[in-house]
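What follows is a short report on a single structure.
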Amino acid sequence: MAKKLRQTEYSLYLSTLPAAERESVDSFFRVVDRHLRIAREWKRQLVRDFENALLWYAKNGVPLDRAMELLSPARLGGFYSRPADDWFPLDAAAKVYPLSMSHKQMAVFRLSMYLDSDVVPELLQMALTFTIKRFPFFATTIKNGFFWHYIDAAKRRFPVEPESTVPCADINVSLTGSKSFRVLYFRNRISCEFFHILTDGTGGTVFLKTLTAEYLRLLGTPVPAGRGVLDIDALPDAAESADDFSKYVSGKKTSGFVDKPAIQMGGKLSAVKPCQVIHFDMASDDLRDAARSRGASVTALVTAMMFICCKAATDRQHGTVHIQVPVNMRNYFETRTLRNFSLYANIHLKLEEINSLEAILPEVSRQLAEGTRPGKLQEMMNGAVKLVRSVRLVPLFIKCPVARIVYGFLGDRAFTTTLSNLGLVDMPEEMAAHVKKMDFVLGTVALSRAAVSMVSANGTATISVAKLTTDPSFEERMLVLLKELGLDVKVSGSELYGF
Amino acid sequence: MDFEVIYPKIKKTSLAMLRVRTVFGLLFLAAAVVCPIVNIVLRGKAWSVIVLWALYMVWTLVLQTPLVERNLISQGVRLSVMTAILLVLIDRLLAPGWAAFVVPIVAYAALIVLAILFFVNVSKQRHNVMPLVIVTLAAAIGSAVALFAFSETSWPMIVLASTAAVLLIATVLTLRTRLLSEIVKRFHLR
C-alpha cells in the first residue's frame, strides 16, 4: 500500500514537471537502466530507490538538475552491470565463525554513527547502493565448500532497514544471495551489523565511515576521502580483501588457544540474545586523563574495572576471571586489509586478588603489555594459521560438528567476558561536524553474561555492555566505578528484550 | 539505574521457532530412545531403524534447517537422497523386493524437478548448481554400476541413467567454464 502510494506520488511529481525536465528525467533513467544488469526484482527496486530519492529532493526544494547530479548513475560504476563471478576464501580468523554458528548463536557485531539530524532513509539507501561497489567482499553470500566455507559474490540490491529487532540479531545467511551484514537506521543513528566472517571492528568502521560520508554527500556536504573514508569511485584494492594472517606467518614457534575454564558471572541466561544493551558516554579526554594519572592505558583501566564488575556479578568466592581483549594486528603489522586481522590477549586474575582498582591496575597493565607483545602475537598468529592448515583436508561435514562443540563449550568457557576497544576513530573534519558520537556493540556468546566494547569518536568515549542476563550487578558496578574516577557519565540503552 | 532508552520498541521477539524446536527435540529424543527399546524387547523386524531415519529426516528438513545454503535445489537434493535411503531401508528391513524398481523412479522424478528448478532461472541458480551436479553424477554412476552388476535389467534404472547423463551434459554445456570455477570454489583449500 505504502509502495503504491509512493509510486502515485512519484507519478504526480513527474506530471508537474515541464516537458524539458521530464525529458531529462527520462534520459537520467535510461542511463540508470544501462548500469543495472541484475535480476529483474532487484532492478525494479533499485529504480524505485532512485525515484524515491528524486522525490525526497523535490520535496526539500533541491532543484532537479542538482538532484540528478548528486544521484549520478555513474556512481553505480560497473558493479550492477557485471555478473557475480568473484569469490573469496575466508581469512584464518573468520573460518571458525560459520563452523561454530548454530540456530542460537552467530558472531555479529554492530557499529553505529550518531548524526546531528534524523536519518533520511531514501538517501541512506542510495548511499549504500553507491558505496557497496567499493567493498566487493561485503557484497557476498556465504557458501559451503567441501573443505571450507567461502564467500561468493552476490549482485543484488542491499537494502537499508528501520531498526525492528534486537541489536546484533542473527542474520539469515542461508538463502541464495543472502547478505552477511545489514544497515539499519533509527532517528539520527546509522548502524551497520556485520557477521564476523566479513570483517572485524576496524574494517567495519571504514565501511560505516565511507557509507556515512556518501550519505552526507547526498545531503549536500561533500566529505573528502582519507582518514578512514574510502573514495568510492576508486577501484577496490586487492590488498583490502587480502588474508594477511598467512602473509605474516613466520617462525615455527606457536602458542595454543586452549585455556583453563574461567568462572562465569551469575544470573539466569536469557533466551533473547542480547537481552539488553547499555551505553556509558563520557568525554574521551577525561577518560584518557583518568587512565594516564594512574599510569595506565584506557584499555587497561577499563579492563581493571571490568574485573571488579565481574566480581560484583558473581556469588563465587574462588576461581579465575578471564577477560579476553581483542588486539588489532594492524598496530603491529603493515597492512591495508579490511578483512579480519585481529587476535586477542587473555588477562587473568583470581577472584581473591580482585580488591580495588588501584591494587589490580598494575597487574592488568603488565598482563596486557605481555599479551600484546609482538613476539607473543606472532606466536598466536602462527598457531592460528597452523591450526587452519592442519585441518584443511578434513571435510566440512566433519569439521562443523567438532568446531561447534569445541567453540561452544571449550571456547566460551575459557573466558568470563570480553573487552573490545576500537580506540579513537579518526574522521575528516567535514564529517566530524555532523557526527555526535559512535558506539560499538558486541554480540553475546553462549555463556558470557556481559560483553563489553568501546569506541571514542568526536570527543565522546562510549562503553557498551551487551547483556545476556537481567542481573544488573555488572553495569551498576561499572557506573559506580566510572563516577568514582570523577567522570561525567551519561547512560543510555535499550529496554529489556523478551521480558 | 535510570537511563535514556535510545532503541525502538521491537516487534515481539519471536521465540516460537526456538520453543517448537525444543519441544520437538525432546519428543524426537524420547521416540529415538523408546522405539529401539520396544523393538529389541518385542524382537521381530528392525522397524525402529526406519523410525529413527524418519525422525532424522523431519529434524533436518523441517526443524533444524541448514544455516548455509538453504535453497530449493539443495533442499530438494537432501529430500530426494533421504527419501531414497528411507525406501531402501523399508525394502531391506520390512518388505523386500521392490526398491530396485521404485527407487530409480523416485530418483528420476526428483532429477526432473531439480532440473526444472535449475533451468528455469539459470542466472540465479548457477550459484546453487553443485548439489545438483553431485546428485546427478551419483545417480548416473550408481545406475550404470547397478545395470552392469545385476544380470536383470530394469527399465527404471535405464531411464534414470540416461536422464542423469543428459542432465549432466546439459548442465556442462549451459555453464561451461562457470561450472569449472564453481568446482574450484567448492573444493578450495585456502
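Labeling convention for the C-alpha cells: chains A, B, ... as they appear, residues from 1 per chain, ligands from 1 in order of appearance.
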
Return as JSON lines the residues of chain A lying at most 7 Å from chain B, together with the closest atom-to-atom pair for each and the distance in Å to one decimal, counting only C-alpha atoms, with rows in chain order and ascending residue number.
{"residue": "A:Pro89", "atom": "CA", "partner": "B:Arg190", "partner_atom": "CA", "distance": 6.2}
{"residue": "A:Ile142", "atom": "CA", "partner": "B:Val68", "partner_atom": "CA", "distance": 6.8}
{"residue": "A:Lys143", "atom": "CA", "partner": "B:Glu69", "partner_atom": "CA", "distance": 6.1}
{"residue": "A:Asn144", "atom": "CA", "partner": "B:Val68", "partner_atom": "CA", "distance": 6.8}
{"residue": "A:Gly145", "atom": "CA", "partner": "B:Arg186", "partner_atom": "CA", "distance": 4.0}
{"residue": "A:Phe146", "atom": "CA", "partner": "B:Phe187", "partner_atom": "CA", "distance": 5.3}
{"residue": "A:Phe147", "atom": "CA", "partner": "B:Phe187", "partner_atom": "CA", "distance": 6.4}
{"residue": "A:Trp148", "atom": "CA", "partner": "B:Leu189", "partner_atom": "CA", "distance": 6.8}
{"residue": "A:Glu163", "atom": "CA", "partner": "B:Pro8", "partner_atom": "CA", "distance": 6.9}
{"residue": "A:Ser164", "atom": "CA", "partner": "B:Ile10", "partner_atom": "CA", "distance": 5.0}
{"residue": "A:Thr165", "atom": "CA", "partner": "B:Ile10", "partner_atom": "CA", "distance": 5.3}
{"residue": "A:Val166", "atom": "CA", "partner": "B:Ile10", "partner_atom": "CA", "distance": 6.8}
{"residue": "A:Val173", "atom": "CA", "partner": "B:Val68", "partner_atom": "CA", "distance": 6.2}
{"residue": "A:Ser174", "atom": "CA", "partner": "B:Val68", "partner_atom": "CA", "distance": 4.2}
{"residue": "A:Leu175", "atom": "CA", "partner": "B:Arg70", "partner_atom": "CA", "distance": 5.3}
{"residue": "A:Thr176", "atom": "CA", "partner": "B:Asn71", "partner_atom": "CA", "distance": 6.3}
{"residue": "A:Arg392", "atom": "CA", "partner": "B:Leu189", "partner_atom": "CA", "distance": 6.1}
{"residue": "A:Glu476", "atom": "CA", "partner": "B:Met1", "partner_atom": "CA", "distance": 6.8}
{"residue": "A:Val491", "atom": "CA", "partner": "B:Phe3", "partner_atom": "CA", "distance": 5.1}
{"residue": "A:Ser492", "atom": "CA", "partner": "B:Glu4", "partner_atom": "CA", "distance": 4.5}
{"residue": "A:Gly493", "atom": "CA", "partner": "B:Val5", "partner_atom": "CA", "distance": 5.1}
{"residue": "A:Ser494", "atom": "CA", "partner": "B:Val5", "partner_atom": "CA", "distance": 5.2}
{"residue": "A:Glu495", "atom": "CA", "partner": "B:Val5", "partner_atom": "CA", "distance": 6.5}
{"residue": "A:Gly498", "atom": "CA", "partner": "B:Thr13", "partner_atom": "CA", "distance": 6.2}

Suppose we keep N, CA and C atoms; can you now write the selection as a compact mmCIF listing (two decimals), in the first residue's frame?
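And here's out_8.txt as it stands now:
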# COMPACT_ATOMS: atom_id res chain seq x y z
N PRO A 89 38.05 -16.74 -0.39
CA PRO A 89 38.14 -17.69 0.73
C PRO A 89 38.03 -16.90 2.04
N ILE A 142 27.54 -16.29 1.97
CA ILE A 142 28.37 -17.42 2.42
C ILE A 142 27.91 -18.73 1.79
N LYS A 143 28.87 -19.54 1.41
CA LYS A 143 28.56 -20.83 0.77
C LYS A 143 29.39 -21.95 1.41
N ASN A 144 28.90 -23.17 1.23
CA ASN A 144 29.63 -24.34 1.72
C ASN A 144 30.59 -24.84 0.66
N GLY A 145 31.86 -24.98 1.01
CA GLY A 145 32.77 -25.71 0.14
C GLY A 145 32.87 -27.12 0.67
N PHE A 146 33.65 -27.95 0.03
CA PHE A 146 33.81 -29.32 0.55
C PHE A 146 34.71 -29.32 1.78
N PHE A 147 35.73 -28.42 1.78
CA PHE A 147 36.66 -28.37 2.91
C PHE A 147 36.46 -27.14 3.78
N TRP A 148 36.14 -26.00 3.15
CA TRP A 148 35.95 -24.75 3.89
C TRP A 148 34.75 -23.98 3.33
N GLU A 163 15.25 -0.01 12.24
CA GLU A 163 15.55 -0.98 13.32
C GLU A 163 14.26 -1.61 13.80
N SER A 164 14.21 -2.91 13.84
CA SER A 164 12.99 -3.56 14.33
C SER A 164 13.30 -4.82 15.13
N THR A 165 14.59 -5.15 15.27
CA THR A 165 14.95 -6.34 16.06
C THR A 165 15.93 -5.94 17.15
N VAL A 166 16.33 -6.90 17.95
CA VAL A 166 17.32 -6.60 18.99
C VAL A 166 18.66 -6.29 18.30
N VAL A 173 21.66 -15.95 6.71
CA VAL A 173 22.64 -16.04 5.62
C VAL A 173 22.41 -17.29 4.78
N SER A 174 21.26 -17.93 4.97
CA SER A 174 21.10 -19.25 4.36
C SER A 174 20.58 -19.23 2.93
N LEU A 175 19.92 -18.16 2.52
CA LEU A 175 19.26 -18.19 1.22
C LEU A 175 20.20 -17.77 0.09
N THR A 176 19.81 -18.05 -1.14
CA THR A 176 20.63 -17.68 -2.30
C THR A 176 20.79 -16.16 -2.32
N ARG A 392 42.90 -28.57 7.07
CA ARG A 392 42.32 -28.13 5.80
C ARG A 392 41.81 -29.29 4.94
N GLU A 476 25.79 -1.83 36.98
CA GLU A 476 25.64 -0.91 38.12
C GLU A 476 27.00 -0.63 38.75
N VAL A 491 24.16 7.76 30.75
CA VAL A 491 23.81 6.36 30.49
C VAL A 491 22.61 6.29 29.54
N SER A 492 22.69 5.43 28.57
CA SER A 492 21.56 5.20 27.67
C SER A 492 21.54 3.71 27.33
N GLY A 493 20.50 3.28 26.66
CA GLY A 493 20.46 1.85 26.32
C GLY A 493 19.11 1.42 25.83
N SER A 494 18.90 0.12 25.90
CA SER A 494 17.64 -0.45 25.40
C SER A 494 16.82 -0.93 26.59
N GLU A 495 15.54 -1.13 26.35
CA GLU A 495 14.74 -1.78 27.37
C GLU A 495 15.13 -3.26 27.41
N GLY A 498 12.43 -9.39 25.56
CA GLY A 498 11.96 -10.74 25.84
C GLY A 498 11.36 -10.90 27.22

Residues near Gln264 (chain A), anyone? I mean within 8 Å using only C-alpha atoms, not counting same-chain ones fewer than 6 positions away, as a compact mmCIF listing (two decimals) with N, CA and C atoms, in the first residue's frame.
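Result file follows (part32.txt):
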# COMPACT_ATOMS: atom_id res chain seq x y z
N THR A 314 29.09 -12.04 40.58
CA THR A 314 29.07 -13.48 40.87
C THR A 314 29.06 -13.71 42.38
N VAL A 321 38.97 -15.09 36.97
CA VAL A 321 38.24 -14.31 35.97
C VAL A 321 39.17 -14.14 34.78
N ARG A 413 33.81 -21.23 27.56
CA ARG A 413 34.11 -21.44 28.97
C ARG A 413 35.47 -20.87 29.35
N PHE A 415 36.68 -17.94 28.86
CA PHE A 415 36.73 -16.55 29.32
C PHE A 415 35.43 -16.11 29.97
N THR A 416 35.56 -15.14 30.87
CA THR A 416 34.40 -14.64 31.61
C THR A 416 33.68 -13.58 30.79
N LEU A 447 27.86 -18.16 26.94
CA LEU A 447 27.84 -18.14 28.40
C LEU A 447 28.11 -16.76 29.02
N SER A 448 28.92 -15.97 28.36
CA SER A 448 29.35 -14.70 28.95
C SER A 448 28.16 -13.76 29.11
N ARG A 449 27.89 -13.40 30.36
CA ARG A 449 26.68 -12.62 30.66
C ARG A 449 26.77 -11.16 30.22

Excluding region 21-25 of chain B and any residue of its chain fewer than 6 positions from it, enumerate the residues within 12 Å of it, using only C-alpha atoms, and give them as a list in words. His103 and Lys104 of chain A; Leu15, Ala31, Ala32, Leu55, Tyr56, Val58, Trp59, Thr60, Val62, Leu63, Gln64 and Thr65 of chain B

Put those residues in a file: C-alpha atoms, as a PDB file, in the first residue's frame.
ATOM      1  CA  HIS A 103      20.460 -21.638  15.321  1.00  0.00           C
ATOM      2  CA  LYS A 104      21.066 -19.980  18.695  1.00  0.00           C
TER       3      LYS A 104
ATOM      4  CA  LEU B  15      10.986 -17.345  20.287  1.00  0.00           C
ATOM      5  CA  ALA B  31      10.926 -41.585  20.464  1.00  0.00           C
ATOM      6  CA  ALA B  32      14.525 -42.282  19.430  1.00  0.00           C
ATOM      7  CA  LEU B  55      12.818 -38.756  12.724  1.00  0.00           C
ATOM      8  CA  TYR B  56      16.202 -37.644  11.441  1.00  0.00           C
ATOM      9  CA  VAL B  58      11.956 -34.496   9.724  1.00  0.00           C
ATOM     10  CA  TRP B  59      14.518 -32.983  12.091  1.00  0.00           C
ATOM     11  CA  THR B  60      16.981 -31.954   9.384  1.00  0.00           C
ATOM     12  CA  VAL B  62      11.931 -29.137   8.783  1.00  0.00           C
ATOM     13  CA  LEU B  63      13.161 -28.230  12.258  1.00  0.00           C
ATOM     14  CA  GLN B  64      16.939 -27.886  12.091  1.00  0.00           C
ATOM     15  CA  THR B  65      17.257 -26.413   8.617  1.00  0.00           C
TER      16      THR B  65
END

List as a JSON list (two decimals) with N, CA and C atoms, in the first residue's frame the protein and nucleic acid residues near Glu122 (chain A), meaning an atom at most 8 Å away when only C-alpha atoms are counted, but skip any in the same chain fewer than 6 places from it.
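The result, written out as result-v5.json:
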[["chain", "number", "residue", "atom", "x", "y", "z"],
["A", 49, "ASP", "N", 14.31, 3.07, -5.83],
["A", 49, "ASP", "CA", 15.15, 3.82, -4.87],
["A", 49, "ASP", "C", 15.56, 5.17, -5.46],
["A", 52, "ASN", "N", 12.52, 7.40, -5.39],
["A", 52, "ASN", "CA", 12.25, 7.90, -4.03],
["A", 52, "ASN", "C", 13.21, 9.01, -3.65],
["A", 53, "ALA", "N", 14.48, 8.85, -4.03],
["A", 53, "ALA", "CA", 15.47, 9.88, -3.69],
["A", 53, "ALA", "C", 15.17, 11.17, -4.44],
["A", 56, "TRP", "N", 12.37, 12.85, -2.75],
["A", 56, "TRP", "CA", 12.78, 13.48, -1.49],
["A", 56, "TRP", "C", 13.45, 14.82, -1.78]]
